[in-house]
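Only one structure is covered here, and it is reproduced in the block below.
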Amino acid sequence: MFVYPKKQHKGVFAVATGAEIMVKCLEKENVRRIFGYPGAAICPFYDCLSASAIKHILVREEQNAAHMASGYARSCGKVGVCVVTSGPGATNLITGIATAYMDSIPLVVITGQVNSWLLGRDVFQEADITGACESFTKHSYLVKDAADLPRIFKEAFHIASTGRPGPVLIDVPTDVQNQPVATWQYPEKANIRGYKPRTQGHALQVKKALAAIAEAERPIICCGGGVVLANARDEMTAFAKKSGIPVCATMMGIGVIPMDSDLYLGMIGMHGRESANLTMQQADLVLLCGARVGDRAVSAPQQIAEKARIIHIDVDPAEIGKNMPVDIPIVGDVRQVLKSLTEGVTDTVPEAWKQKVLDYKNQFPPRGEPREDFVEPRVFIRDLSAMMEDNAILVADVGQNQIWAARNFNVKEGRFLTSGGLGTMGYAIPAAVGAKMAKPHRQVVAVCGDGSFQMAMCELGTLVQTGTDIKIIIMQNGTLGMVKEFQDKLYKGRYIGTILKGGEPDFVKLAESYGIRASFAKNNAAAKEQAAQMLQQDGPYILVCRVDPATPSI
Ligand SMILES: Cc1ncc(C[n+]2csc(CCOP(=O)(O)OP(=O)(O)O)c2C)c(N)n1
């Protein structure tokens, strides 16, 4: 055990203050970067941070601290950390926390709070953030005594990163940050009664699953974000190859097996590929892996379950049976369970089914033709994808741009990141900054709509200040395209609140005012050429693509 040297603190014989302990706890967790925005209630912590090697990244709006930490966490597999002040700092962060919660991203979120003796009195910048975030956090703490900080930090990192990952909030009143503590030590382990996530799937359930797979005539695997979070890409690829079962993915599961594999059918769901949806509809066995089966992925789960046997593997028992009736539940870490399944599986998939699936794939080739008057976004994403390095990270925002990217970007060794669960506009730029900080040697490209770009464009300041080399594509269609498309289809083209044109900045000039290189492409040929130049250059770049507002999502 390491005991910090004693020193005099405000007349009390103390080894450290709460704020010092907070910083030391982060160091003990090997945190290298935190994303944040200060204010009075978190100043003691910030002051101690100045003596630490931990790098603080100053965002321009608090929500983006959570998105940056999320992009960072997703790219390096560690817990992302963000820190903000009390009141408006904390409430600004809520969408970021909820976004991470819906996508099961491990975050430790630190908020400053007013002095503990003022809690509940509606004093300046007081917000009950633990209460407000109750339904968006995996767990939260309001710290009353600085002596509890080491245990709380150890638990928070443990809870955030184990089982089904998620955000954990630690709210620390200013007086607790200033509180002298006589002695402290960082626990070796977290020991939380009642919290013991199961990793190994039950052997009997695995056996039942293998028997069901052997009996099936039209099996399909449907992967969700849980496979990515469990770092089970290799295991999934091995299982799919050995079993011969075709694979589709939800938006969060994109990239779970190499997408150019014959077995890969693409994304399912409302915006998914026809080949994946048709295969799913006809399957007699669906193996759900780390997928919550949200409504966007499977709109009529009941119908599928009526025709097919369902095996559901998930680390979170609460997910099993939530959205789809399940025949064989397996609670456990997807990676572990896949290893067990791979050991026992053989390829019993009838040739006729394999052929049918391949026929579906060929029957529905990717859509869109290159254009001379506009940039056809679907074609452009495929061109971009072909130019990018195999291990590149593509971060898609929300809207039509997300669907264009999800359907047309080919993940090889890299990653596809997006806000799949909450669908938070403005996610891409901060998440891409976080991803680049986690993987500085990889290409990182953010794809945005002109609406979502404007929600996060303040972060251009962060990326310039930190010298972060991300490339940004703006699909400029002058509209909130996805909602406009709904208005076209469901509301007879009555466009209310969806036209951006007439109120947009010149994005190229905006970029240049930050010192970021930028260019404007008016058709596919120009976009392709400029993207090639963009990818060759060092430093951030913004490529604005003129997109026809009539282009559909799929
Ligand atoms: C924070 C937030 N507000 C509102 C929405 C609802 N919404 C979903 S897509 C969309 C339009 C996105 O427009 P844009 O970023 O320009 O992308 P496009 O659809 O044109 O590609 C909106 C408003 C949302 N998802 N997130």
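Ligands are numbered from 1 in the order shown, chains are lettered A, B, ... in the order of the structure tokens, and residues start at 1 in each chain.
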| task | Considering only C-alpha atoms, return as a ChimeraX atom specification whatever protein or nucleic-acid residues lie within 7 Å of segment 35-49 of chain A, sequence-local ones (same chain, fewer than 4 positions apart) excluded. | result | /A:19-20,23,56-59,62,65,68-69,81-86,112-114,174,177-178
| request: Would you please give, as a ChimeraX atom specification, all residues of segment 55-157 of chain A that DSSP assigns to helix (DSSP H, G or I) based on the backbone? | output: /A:62-76,88-102,116-118,129-132,134-136,146-157
| said: Just want the 10 Å neighbourhood of segment 187-196 of chain A, counted on only C-alpha atoms, with same-chain residues fewer than 5 positions away dropped. Output as JSON, numbers by chain. | reply: {"A": [1, 25, 28, 150, 151, 152, 153, 154, 155, 156, 157, 158, 159, 162, 163]}
For the selection just defined, write its residues with N, CA, C and O atoms to a file, as a CSV table (one decimal), in the first residue's frame.
chain,number,residue,atom,x,y,z
A,1,MET,N,0.8,-1.2,0.0
A,1,MET,CA,0.0,0.0,0.0
A,1,MET,C,0.9,1.3,0.0
A,1,MET,O,1.9,1.3,0.7
A,25,CYS,N,-6.9,9.2,-7.8
A,25,CYS,CA,-7.7,8.0,-8.1
A,25,CYS,C,-7.6,7.8,-9.7
A,25,CYS,O,-7.5,6.7,-10.2
A,28,LYS,N,-4.4,6.4,-10.6
A,28,LYS,CA,-4.4,5.0,-10.3
A,28,LYS,C,-5.1,4.2,-11.4
A,28,LYS,O,-4.8,3.0,-11.6
A,150,PRO,N,-11.9,7.2,-2.6
A,150,PRO,CA,-11.2,6.1,-3.2
A,150,PRO,C,-12.1,4.9,-3.5
A,150,PRO,O,-12.0,4.4,-4.6
A,151,ARG,N,-12.9,4.5,-2.6
A,151,ARG,CA,-13.8,3.4,-2.8
A,151,ARG,C,-14.8,3.7,-4.0
A,151,ARG,O,-15.0,2.9,-4.9
A,152,ILE,N,-15.3,4.9,-3.9
A,152,ILE,CA,-16.3,5.3,-4.9
A,152,ILE,C,-15.6,5.3,-6.3
A,152,ILE,O,-16.2,4.8,-7.3
A,153,PHE,N,-14.5,5.8,-6.5
A,153,PHE,CA,-13.8,5.8,-7.8
A,153,PHE,C,-13.5,4.4,-8.2
A,153,PHE,O,-13.7,4.1,-9.4
A,154,LYS,N,-13.0,3.6,-7.3
A,154,LYS,CA,-12.7,2.2,-7.7
A,154,LYS,C,-14.0,1.5,-8.2
A,154,LYS,O,-14.0,0.9,-9.3
A,155,GLU,N,-15.1,1.7,-7.4
A,155,GLU,CA,-16.4,1.1,-7.8
A,155,GLU,C,-16.9,1.7,-9.2
A,155,GLU,O,-17.3,0.9,-10.0
A,156,ALA,N,-16.7,3.0,-9.3
A,156,ALA,CA,-17.3,3.6,-10.5
A,156,ALA,C,-16.6,3.0,-11.8
A,156,ALA,O,-17.3,2.7,-12.8
A,157,PHE,N,-15.3,2.9,-11.7
A,157,PHE,CA,-14.6,2.4,-12.9
A,157,PHE,C,-14.9,0.9,-13.1
A,157,PHE,O,-15.1,0.5,-14.3
A,158,HIS,N,-15.1,0.2,-12.1
A,158,HIS,CA,-15.5,-1.2,-12.2
A,158,HIS,C,-16.9,-1.4,-12.8
A,158,HIS,O,-17.1,-2.1,-13.7
A,159,ILE,N,-17.8,-0.6,-12.3
A,159,ILE,CA,-19.2,-0.7,-12.7
A,159,ILE,C,-19.3,-0.2,-14.2
A,159,ILE,O,-19.9,-0.9,-15.0
A,162,THR,N,-17.5,-3.1,-16.6
A,162,THR,CA,-17.8,-4.6,-16.5
A,162,THR,C,-19.3,-4.8,-16.8
A,162,THR,O,-20.1,-3.9,-16.8
A,163,GLY,N,-19.6,-6.1,-17.0
A,163,GLY,CA,-21.0,-6.5,-17.4
A,163,GLY,C,-21.4,-5.7,-18.6
A,163,GLY,O,-20.6,-5.6,-19.6
| task | Would you kindly return, as a PyMOL selection string, each protein, DNA or RNA residue with an atom no farther than 12 Å from any atom of Pro370 of chain A, considering only C-alpha atoms and excluding same-chain residues fewer than 3 positions away? | result | chain A and resi 367+373-383+522-528+547
If you count only C-alpha atoms, which residues fall within 8 Å of Leu358 of chain A, apart from same-chain ones fewer than 4 positions away, as a PDB file with C-alpha atoms, in the first residue's frame?
ATOM      1  CA  ASP A 262     -19.616 -13.702 -48.369  1.00  0.00           C
ATOM      2  CA  LYS A 354     -26.581 -20.473 -48.397  1.00  0.00           C
ATOM      3  CA  ASN A 362     -26.631 -10.110 -55.579  1.00  0.00           C
TER       4      ASN A 362
END
| field | Pick from A:Ile94, A:Val508, A:Ile170, A:Asp175 nearest to ligand 1, counting only C-alpha atoms and all ligand atoms | value |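 Of A:Ile94, A:Val508, A:Ile170, A:Asp175, the one nearest ligand 1 is A:Ile94, counting only C-alpha atoms and all ligand atoms.
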| task | Compute the set of protein, DNA and RNA residues whose minimum atom distance to ligand 1 is at most 10 Å, using only C-alpha atoms and all ligand atoms, and state it as number ranges by chain. | result | A: 95, 377, 396-405, 419, 422-427, 447-455, 474-486, 497-500, 547-549, 551-553
| Selected residue of minimal separation from Leu460 of chain A among A:Met534, A:Gln443, A:Lys208, A:Ile542, counting only C-alpha atoms |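 Among the listed residues, A:Ile542 lies closest to Leu460 of chain A.
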How close does segment 277-301 of chain A get to segment 240-261 of chain A? List, as CSV, each residue of segment 277-301 of chain A within 10 Å, its nearest atom pair and the distance in Å to one decimal, counting only C-alpha atoms.
residue,atom,partner,partner_atom,distance
A:Asn277,CA,A:Cys248,CA,8.7
A:Thr279,CA,A:Pro246,CA,8.8
A:Met280,CA,A:Cys248,CA,8.4
A:Val286,CA,A:Val247,CA,10.0
A:Leu287,CA,A:Val247,CA,9.3
A:Leu288,CA,A:Ala249,CA,9.5
A:Cys289,CA,A:Gly253,CA,9.3
A:Gly290,CA,A:Gly253,CA,8.5
A:Ala291,CA,A:Thr250,CA,7.3
A:Arg292,CA,A:Thr250,CA,9.1
A:Val293,CA,A:Thr250,CA,8.0
A:Gly294,CA,A:Thr250,CA,8.9
A:Arg296,CA,A:Thr250,CA,8.7
A:Ala297,CA,A:Thr250,CA,5.8
A:Val298,CA,A:Thr250,CA,8.9
For the residues selected in the previous step, produce a file with N, CA and C atoms as a compact mmCIF listing (two decimals), in the first residue's frame.
# COMPACT_ATOMS: atom_id res chain seq x y z
N ASN A 277 -32.81 -8.04 -44.36
CA ASN A 277 -34.19 -8.10 -43.85
C ASN A 277 -34.92 -9.34 -44.37
N THR A 279 -33.62 -12.17 -45.38
CA THR A 279 -33.05 -13.37 -44.77
C THR A 279 -33.61 -13.53 -43.36
N MET A 280 -33.65 -12.45 -42.64
CA MET A 280 -34.17 -12.47 -41.26
C MET A 280 -35.63 -12.93 -41.25
N VAL A 286 -32.81 -17.65 -35.26
CA VAL A 286 -32.10 -16.37 -35.18
C VAL A 286 -31.21 -16.41 -33.93
N LEU A 287 -29.92 -16.20 -34.17
CA LEU A 287 -28.98 -16.16 -33.06
C LEU A 287 -28.66 -14.69 -32.79
N LEU A 288 -29.29 -14.13 -31.78
CA LEU A 288 -29.07 -12.71 -31.45
C LEU A 288 -27.85 -12.61 -30.54
N CYS A 289 -26.89 -11.81 -30.95
CA CYS A 289 -25.67 -11.67 -30.13
C CYS A 289 -25.49 -10.22 -29.73
N GLY A 290 -25.60 -9.95 -28.47
CA GLY A 290 -25.34 -8.59 -27.97
C GLY A 290 -26.18 -7.55 -28.68
N ALA A 291 -27.42 -7.91 -28.99
CA ALA A 291 -28.30 -6.97 -29.70
C ALA A 291 -29.56 -6.77 -28.87
N ARG A 292 -29.97 -5.50 -28.74
CA ARG A 292 -31.15 -5.28 -27.91
C ARG A 292 -32.44 -5.43 -28.72
N VAL A 293 -32.29 -5.53 -30.06
CA VAL A 293 -33.43 -5.67 -30.96
C VAL A 293 -34.39 -4.48 -30.80
N GLY A 294 -33.81 -3.30 -30.90
CA GLY A 294 -34.63 -2.09 -30.84
C GLY A 294 -35.57 -2.01 -32.04
N ARG A 296 -35.88 0.11 -34.34
CA ARG A 296 -35.29 0.51 -35.61
C ARG A 296 -34.62 -0.68 -36.31
N ALA A 297 -34.21 -1.66 -35.49
CA ALA A 297 -33.54 -2.83 -36.07
C ALA A 297 -34.56 -3.89 -36.50
N VAL A 298 -35.51 -4.18 -35.62
CA VAL A 298 -36.53 -5.18 -35.96
C VAL A 298 -37.88 -4.58 -35.58
| field | Test item: residues at most 12 Å from segment 343-353 of chain A, only C-alpha atoms, excluding those fewer than 6 positions along its chain, as a ChimeraX atom specification | value | /A:203,206-220,235,238-246,263,279-280,282-285,336-337,359-360
| Selection near Leu142 of chain A, 8 Å with only C-alpha atoms, sequence-local residues under 6 positions removed, as number ranges by chain | A: 130, 170-173
| When DSSP works through the backbone of this structure, what residues of segment 124-156 of chain A end up as strand (DSSP E or B), shown as a VMD selection string? | chain A and resid 139 to 142
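Atom to atom, atom CA of Glu27 of chain A and atom CA of Leu229 of chain A stand 23.9 Å apart.
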| Which value, in Å to one decimal, gives the distance between atom CA of Val108 of chain A and atom CA of Gly71 of chain A? |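 Calculated distance between atom CA of Val108 of chain A and atom CA of Gly71 of chain A is 13.5 Å.
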